[in-house]
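All remarks here apply to the structure that follows.
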Amino acid sequence: MCTLNLSEYDTFEIEKITTTSFPATTIEAHDAVPFCKKCGNQETQVFLKNGNEYCKRCFLIILRHKFRATLSKSKSVHRNESILVAHSGKANSTLLLHLIATDTNESISKKPQFSFKVLYIDDGTAKGRSIKERESIQSALAKEAENLQLTMYILPLSNCVTDSICEEMQLVNAPLMNTTTSENTTVQEIFDNLENDTAKDELLQQLRLKLLVSAARKLNCNKIFIADASVDLAVKVLGNVSTGRGSQLPFNVAFSDTRYKDVTLLRPLRDFTRDDITGYLECYNLHPIFNCDKYNSSFPASIRNVTKNFVHKLDSEFHSTVPTIYRTSEKLDTKRMECENSNTKIDDNVDSDNNICVLCELTSNSSYLSKEQPTSVAQAKLFSKLVSTVADTSLSMMATNSLNIHELSSNEQIKSTNALKKEEHQCQSDIHKSFLKQSIIEKYLCYGCRLIFLNSKQVDNILPNFISNAIQKKSQIAHLEKEISDFLL
Amino acid sequence: MPIPCSRQCGKKAILKRPKTGHTLCKECFFYAFENEIHNTITQGKLFKPGDKVAIGASGGKDSTVLAYVLKTLNERYQYEIDLFLLSIDEGITGYRDDSLKTVQQNKDDYGLPLKILSYKELYGWTMDEIVAEIGKKNNCTFCGVFRRQALDRGAALLGVDCIATGHNADDIAETVLMNILRGDIARLQRCTSIVTAGADCIRRCKPLKYAYEKEIVMYAYFKQLVYFSTECVFAPNAYRGHARTYLKDLERIRPSSILDIIHSGETLQVKEGIKLPERRNCSRCGFVSSQEICKACIMLEGLNRGLPKLGIGKSTKVKRALESIAKDKCNDKCNGKCKDNEWIEEKDLEF
C-alpha cells in the first residue's frame with residue numbers, strides 16, 4: 001500500500017548541508033551514484049544529517065522498527081490494551097497516526113495488537129481562531145480519520161471550565177459541537193487575564209493535559225500516546241528548566257509518565273529526529289493539517305516559542321545537541337526532601353497528597369527547602385520582594401529573622417509565608433490583599449504553575465473552576481485535620 | 001507624573017528593578033541590593049568570623065561590585081573577615097593589562113591588599129603565547145582551565161580560607177543551560193550550589209548568586225564605581241554565545257526566568273545509579289581534578305610537547321595521546337627504529 005510500489009521516485013534532499021559537512025564519506029565511498037547504506041542496491045533518496053543515506057524502503061523499515069523497538073523495549077504496553085493517541089494536527093502526531101494506522105492495517109504476524117482511539121483537543125478559543133477556521137480544521141481531521149480508518153474524537157477546550165468534563169465524547173465527523181458561548185467566553189476571559197504569552201501558553205499546555213487524561217478515563221484507555229519527537233523533548237527540557245519546572249523534568253520528558261495513577265502517558269516517538277519526521281512525511285506524501293508557518297504563531301512571545309526557535313537553530317548547526325539534551329534529561333531526578341523531621345504528625349500518604357500541585361499534579365516543591373540547602377531561589381525571591389516594598393527598616397529586618405527562625409524550626413516554607421503575611425498585615429491592607437491571593441496560589445500550586453498566575457490582572461475569576469474546587473477541597477481537609485489534630489497519634 | 005518609590009520612603013523612584021519590577025529611589029535601591037547580598041551571606045553561612053577571604057578580582061563589574069559590597073557589609077555588620085583581592089594575569093595584551101590597572105585602583109580605593117599571579121609565573125606560558133600556538137579557536141578552554149586552578153594556587157599561596165567569586169545570577173543560569181546543552185550532569189548538579197568545598201580544597205562561594213547582572217551594573221553606575229568593561233580580545237566562546245542570547249531573550253520575556261532557571265537547577269539531582277566522575281587530586285600537581293591527571297597538567301603537557309590541541313578533544317583521545325607520549329619516549333630510547341609507527345601515532349593526534 002505504500003508509495004514504494006509507485007514507479008516514480010522523486011529524489012529529495014532533507015539536508016543540503018550533508019554533502020558539505022561530510023565530504024569524506026560521500027566523496028570517497030561513492031563518487032557519482034550513492035547507494036543505500038542498508039541494502040546497498042537501491043539508489044539513495046533519503047539523506048540524513050548524521051551522514052547516513054538510505055533508499056525509501058529501508059528508511060521506512062528503519063523508522064517502523066525504531067517505533068516498535070521503543071515500545072517493546074519499555075514493556076509498558078500490553079496486548080489488547082486500548083490506547084488514546086493525542087493528535088495535535090502537527091507533523092509529529094500526523095506521523096504517529098499514520099504509523100499506527102498502517103501498523104494496524106498491515107497484516108504482519110509479529111505486530112502488537114492494540115486498539116487505538118484518537119483525540120484532538122480543539123484549543124481554538126484560547127488561540128483566538130475563528131469558528132470558520134475551526135470548522136475547516138475539523139473537516140480536515142475527519143477526512144484524515146476516514147483515510148486512516150481510525151476513530152477520532154474531538155474535544156473543545158472550553159470543556160475544562162464546565163464541571164462535568166466530557167459527558168459524552170464527540171466523534172470528529174459529527175457537526176461542530178455548539179459549545180455555549182458562556183463557556184467560550186469564560187475560557188477567553190481566563191486567558192485574557194493572564195499577564196503574558198508565556199503564562200497563556202503554559203496554562204494551555206496544562207489544560208490540554210488535563211483534558212487528555214480525563215478523556216482517556218472516559219474512553220477507558222489507560223495509556224496515552226503523545227507524539228513528542230526528540231526535538232520536542234529537547235524543547236521541553238529547556239522550556240521546563242526556564243520556567244522553573246526543572247524538578248518536573250523526569251515526568252515531563254520521560255518515555256513513560258506515571259504521575260496519574262490510572263493513566264500512563266507514553267512518548268513512543270522520542271527517538272525520532274526532525275529528519276526522520278520530514279523524511280517519513282515526504283515518503284508517504286502526507287500533509288499535516290497545521291503547517292509550521294501558518295498556525296505556529298499563537299503565543300509568539302512565549303518562553304516555549306523562544307526555546308523552540310533556539311533549539312531548532314542549534315539543531316541545524318550542531319547535530320548532536322538535541323540528543324545530548326534529551327539524554328541528559330534521562331539522567332535527572334527530582335531532589336527529594338528527607339522526611340526525617342519527626343514532628344510531622346501527618347502520615348506520608350496525606351503529606352505527599354498535600355504537596356501535589358492542583359494544576360499539573362506533580363509534587364510541588366514549596367516544601368523542598370531543606371537544611372542542607374540553606375539558601376534557595378524561593379527564599380531569595382521572597383526577600384527581594386520584601387526588601388523593595390516594606391518601608392520600615394526594622395520591620396523588614398524582623399521579617400528576615402522570623403524567616404530565619406521558621407527556616408530552622410520547620411522545613412515548610414508556607415509557615416514563613418504566613419509569618420510574613422502577619423507582618424504585612426500591620427503595614428498595608430493593600431499589600432495584604434495581594435499577599436493573600438499569592439499565599440493561596442503559593443500553597444496549592446507548584447513553583448512553575450505559580451508563575452502562570454502570579455502577575456495576572458484579576459484573581460477571582462482567573463482560576464479555572466476545577467482549580468478553585470480542588471483548592472477548596474484541600475483547604476477543607478486541612479481544616480478538618482486541624483480540628484482533630486490533638487487526637488492524631 | 002513622578003513615580004513614587006515602592007518602599008514608601010516619600011522620594012521619587014529613579015529606577016525599576018530588573019529583578020522584581022519594583023520602582024525604587026536611589027537610596028532604597030542601595031538598601032535593597034546590599035541587604036539581599038547580606039541575606040544571602042548570612043542565610044548561606046558563607047563566612048565565619050576570622051576567615052581570610054580572597055575576592056577573585058578581574059577588574060570587571062561583578063568583582064568590582066563584589067569587592068565594594070563585601071567591604072561595606074563587613075564593616076556594617078561586623079562579619080570579622082579579612083578581605084584580599086586576588087587577581088590572575090593571563091597575559092593578554094590589550095585586555096588584561098588594562099583591567100589590572102582597574103584592580104590596582106580598586107586596591108587603592110578600598111584599601112584592600114592585592115595579590116597578582118600570572119600564568120607566566122605559574123605555567124610558563126602567557127595567553128598570548130598560547131594563542132600564537134593554537135590559534136583563535138578553542139583558546140578559551142585553556143584560559144578557563146588555567147584560571148580556575150590559578151585561583152586555587154593563589155589562594156593556597158596566600159593561605160586564605162575562602163575564595164569569593166563574582167558569579168551573578170545570570171552567570172549561574174547560563175551555566176545551568178550550558179551544562180544541559182553539553183550533557184554535563186556532574187557540573188549541572190553542583191553549579192547551582194552557593195558554596196563548593198571539599199575535604200582538602202579551598203572553599204569557594206558566590207555571594208552574588210541571586211543578584212541580577214543588570215542590577216550589578218546599576219549599582220556600579222549609581223555608586224560610580226570604576227570598572228573595566230571591555231570584552232576579551234580573543235574570540236568569545238561561540239557556543240556559550242548562543243546560550244547567552246537565549247537567556248537574554250528569556251529575560252526580556254519574563255524577567256524572573258533567570259531565577260527560575262536557578263530554581264530548576266537547585267531542585268534537580270542526578271538519578272541514583274548514574275555514574276558520576278568522582279573528585280580526586282591530580283597525581284602530578286595535587287590540585288582538585290576529576291581525572292588521574294588534571295586538565296591543566298594535560299594541556300600544559302600538550303603545550304610543552306608541541307601538541308597544543310591535547311586536552312581539547314575527547315578524554316579517550318587524551319588517554320591515547322598520553323600513552324603515545326609514553327611510547328614516544330620509548331621510541332626515543334630505541335633511537336627511532338620504529339619511525340613509521342611514530343608517524344601513525346602523530347597523525348592520530350590531529351583531531
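Every chain in the C-alpha cells has a letter given in the order shown (A, B, ...), and although residue numbers restart at 1 in each chain, ligands are simply numbered from 1 in the order shown.
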
Practice problem: Fewer than 2 positions away in the same chain doesn't count, so skip those; otherwise give me all residues within 12 Å of stretch 270-274 of chain B, counting only C-alpha atoms, as a PyMOL selection string. | Solution: (chain A and resi 246-247+249-250+328-336) or (chain B and resi 183-190+265-268+276-278)

Exercise. Step one, run DSSP on the backbone; step two, keep only residues of stretch 138-236 of chain B assigned to alpha helix (DSSP H); then write them as a PyMOL selection string.
Key: chain B and resi 139-158+169-182+185-190+213-223

Exercise. Using only C-alpha atoms, find which residues of chain A lie within 7 Å of chain B and jot them down as a count of residues only.
Key: 30

Exercise. Would you list the contacts of A:Leu233 as a list of chain:residue names, taking every protein, DNA or RNA residue within 10 Å and counting only C-alpha atoms, but skipping same-chain residues closer than 2 positions in sequence?
Key: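 Residues near the query, excluding close chain neighbours: A:Asp228, A:Ala229, A:Ser230, A:Val231, A:Val235, A:Lys236, A:Val237, A:Leu238, A:Gly239, A:Leu249, A:Asn252, A:Val253, A:Ala254, A:Arg267, A:Leu269, A:Arg270, A:Asp271, A:Val322, A:Pro323, A:Ile325, A:Tyr326, A:Arg327, A:Ser329.
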
N, CA and C atoms of the current selection, written as a tab-separated table (two decimals), in the first residue's frame:
```tsv
chain	number	residue	atom	x	y	z
A	228	ASP	N	5.63	13.25	21.03
A	228	ASP	CA	6.81	14.10	21.19
A	228	ASP	C	8.03	13.44	20.55
A	229	ALA	N	8.61	14.11	19.58
A	229	ALA	CA	9.84	13.60	18.98
A	229	ALA	C	11.03	14.17	19.75
A	230	SER	N	12.23	13.77	19.35
A	230	SER	CA	13.39	14.17	20.15
A	230	SER	C	13.55	15.69	20.24
A	231	VAL	N	13.25	16.39	19.15
A	231	VAL	CA	13.37	17.85	19.19
A	231	VAL	C	12.38	18.43	20.18
A	235	VAL	N	13.13	20.70	23.41
A	235	VAL	CA	12.47	21.98	23.67
A	235	VAL	C	11.83	21.95	25.05
A	236	LYS	N	11.21	20.81	25.36
A	236	LYS	CA	10.56	20.69	26.66
A	236	LYS	C	11.57	20.78	27.80
A	237	VAL	N	12.71	20.13	27.62
A	237	VAL	CA	13.72	20.16	28.68
A	237	VAL	C	14.12	21.60	28.98
A	238	LEU	N	14.51	22.32	27.93
A	238	LEU	CA	14.95	23.70	28.15
A	238	LEU	C	13.81	24.58	28.61
A	239	GLY	N	12.63	24.38	28.03
A	239	GLY	CA	11.48	25.17	28.41
A	239	GLY	C	11.11	24.95	29.87
A	249	LEU	N	11.05	17.68	35.29
A	249	LEU	CA	11.59	17.12	34.05
A	249	LEU	C	11.45	15.62	33.94
A	252	ASN	N	8.02	15.06	32.75
A	252	ASN	CA	7.58	15.72	31.53
A	252	ASN	C	8.27	15.23	30.27
A	253	VAL	N	9.43	14.62	30.38
A	253	VAL	CA	10.10	14.20	29.16
A	253	VAL	C	10.42	12.71	29.13
A	254	ALA	N	10.10	11.99	30.18
A	254	ALA	CA	10.44	10.57	30.20
A	254	ALA	C	9.59	9.81	29.19
A	267	ARG	N	5.59	8.23	25.35
A	267	ARG	CA	6.10	9.04	24.23
A	267	ARG	C	6.88	8.14	23.27
A	269	LEU	N	7.58	8.30	20.17
A	269	LEU	CA	8.39	8.89	19.09
A	269	LEU	C	9.65	9.55	19.61
A	270	ARG	N	10.02	9.25	20.83
A	270	ARG	CA	11.09	10.03	21.45
A	270	ARG	C	12.44	9.89	20.75
A	271	ASP	N	12.62	8.84	19.96
A	271	ASP	CA	13.90	8.69	19.27
A	271	ASP	C	13.86	9.18	17.83
A	322	VAL	N	20.67	18.17	20.24
A	322	VAL	CA	19.35	17.68	20.64
A	322	VAL	C	19.43	16.32	21.35
A	323	PRO	N	20.12	15.33	20.77
A	323	PRO	CA	20.25	14.08	21.53
A	323	PRO	C	20.91	14.28	22.88
A	325	ILE	N	20.76	16.86	24.82
A	325	ILE	CA	19.82	17.46	25.77
A	325	ILE	C	18.86	16.41	26.31
A	326	TYR	N	18.27	15.62	25.41
A	326	TYR	CA	17.24	14.75	25.96
A	326	TYR	C	17.82	13.52	26.65
A	327	ARG	N	19.05	13.19	26.29
A	327	ARG	CA	19.69	12.10	27.06
A	327	ARG	C	20.08	12.61	28.45
A	329	SER	N	18.44	14.66	30.14
A	329	SER	CA	17.23	14.68	30.97
A	329	SER	C	16.90	13.30	31.51
```

Self-check item: Pick from B:Ser118, B:Asn139, B:Ser87, B:Thr72, whichever lies nearest to B:Cys232 using only C-alpha atoms
Solution: B:Asn139

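Comparing A:Glu43, A:Ile137, A:His312, A:Glu189 by their smallest distance to A:Asp275, the closest is A:His312 (using only C-alpha atoms).
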
Quiz item: Interatomic distance between atom CA of B:Thr102 and atom CA of B:Gly59?
Solution: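 Rounded to one decimal, the two atoms are 5.4 Å apart.
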
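With atom CA of A:Ser376 on one side and atom CA of B:Gln78 on the other, the separation reads 24.0 Å.
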
Quiz prompt | Length of the atom CA of A:His287 to atom CA of A:Leu150 vector [Å] | solution =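 So the two atoms, atom CA of A:His287 and atom CA of A:Leu150, lie 17.1 Å apart.
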
Exercise. Could you give me, as a list in words, each residue of stretch 3-115 of chain B that DSSP assigns to strand (DSSP E or B) when run on this structure's backbone?
Key: Pro4, Lys12, Leu15, Lys16, Thr23, Leu24, Lys52, Val53, Ala54, Ile55, Gly56, Asp82, Leu83, Phe84, Leu85, Leu86, Ser87, Ile88, Asp89, Leu114 and Lys115 of chain B

Contacts of B:Phe234 within 9 Å, only C-alpha atoms, excl. fewer than 2 positions in-chain, as a short mmCIF file (atom, residue, chain, number, x, y, z; two decimals) with N, CA, C and O atoms, in the first residue's frame:
```
data_model
loop_
_atom_site.label_atom_id
_atom_site.label_comp_id
_atom_site.auth_asym_id
_atom_site.auth_seq_id
_atom_site.Cartn_x
_atom_site.Cartn_y
_atom_site.Cartn_z
N ILE B 92 47.19 38.71 28.51
CA ILE B 92 46.53 39.03 27.26
C ILE B 92 46.73 40.52 27.02
O ILE B 92 46.15 41.36 27.72
N VAL B 131 47.86 31.44 22.43
CA VAL B 131 47.05 31.70 21.24
C VAL B 131 47.92 31.63 19.98
O VAL B 131 47.49 31.09 18.96
N LYS B 136 43.04 30.99 17.01
CA LYS B 136 41.95 31.75 17.61
C LYS B 136 40.87 30.85 18.22
O LYS B 136 40.09 31.28 19.05
N LYS B 137 40.80 29.62 17.74
CA LYS B 137 39.72 28.74 18.20
C LYS B 137 40.14 27.99 19.45
O LYS B 137 41.30 27.62 19.61
N ASN B 139 40.81 28.66 22.37
CA ASN B 139 41.77 29.13 23.37
C ASN B 139 41.11 29.46 24.70
O ASN B 139 41.75 29.47 25.73
N CYS B 140 39.76 29.68 24.68
CA CYS B 140 39.06 29.95 25.93
C CYS B 140 39.14 28.75 26.87
O CYS B 140 39.12 28.90 28.09
N GLU B 231 35.43 43.58 26.34
CA GLU B 231 35.43 42.14 26.12
C GLU B 231 36.86 41.68 25.85
O GLU B 231 37.69 42.45 25.37
N CYS B 232 37.10 40.43 26.16
CA CYS B 232 38.41 39.86 25.90
C CYS B 232 38.72 39.95 24.40
O CYS B 232 37.83 39.79 23.57
N PRO B 236 35.29 35.22 21.47
CA PRO B 236 34.48 34.67 22.55
C PRO B 236 34.00 33.27 22.20
O PRO B 236 33.97 32.90 21.03
#
```

Quiz prompt | Counting only C-alpha atoms, the residue of A:Arg208, A:Ala234, A:Ala216, A:Phe251 that sits nearest A:Asn159 | solution =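 Among A:Arg208, A:Ala234, A:Ala216, A:Phe251, it is A:Arg208 that comes nearest to A:Asn159.
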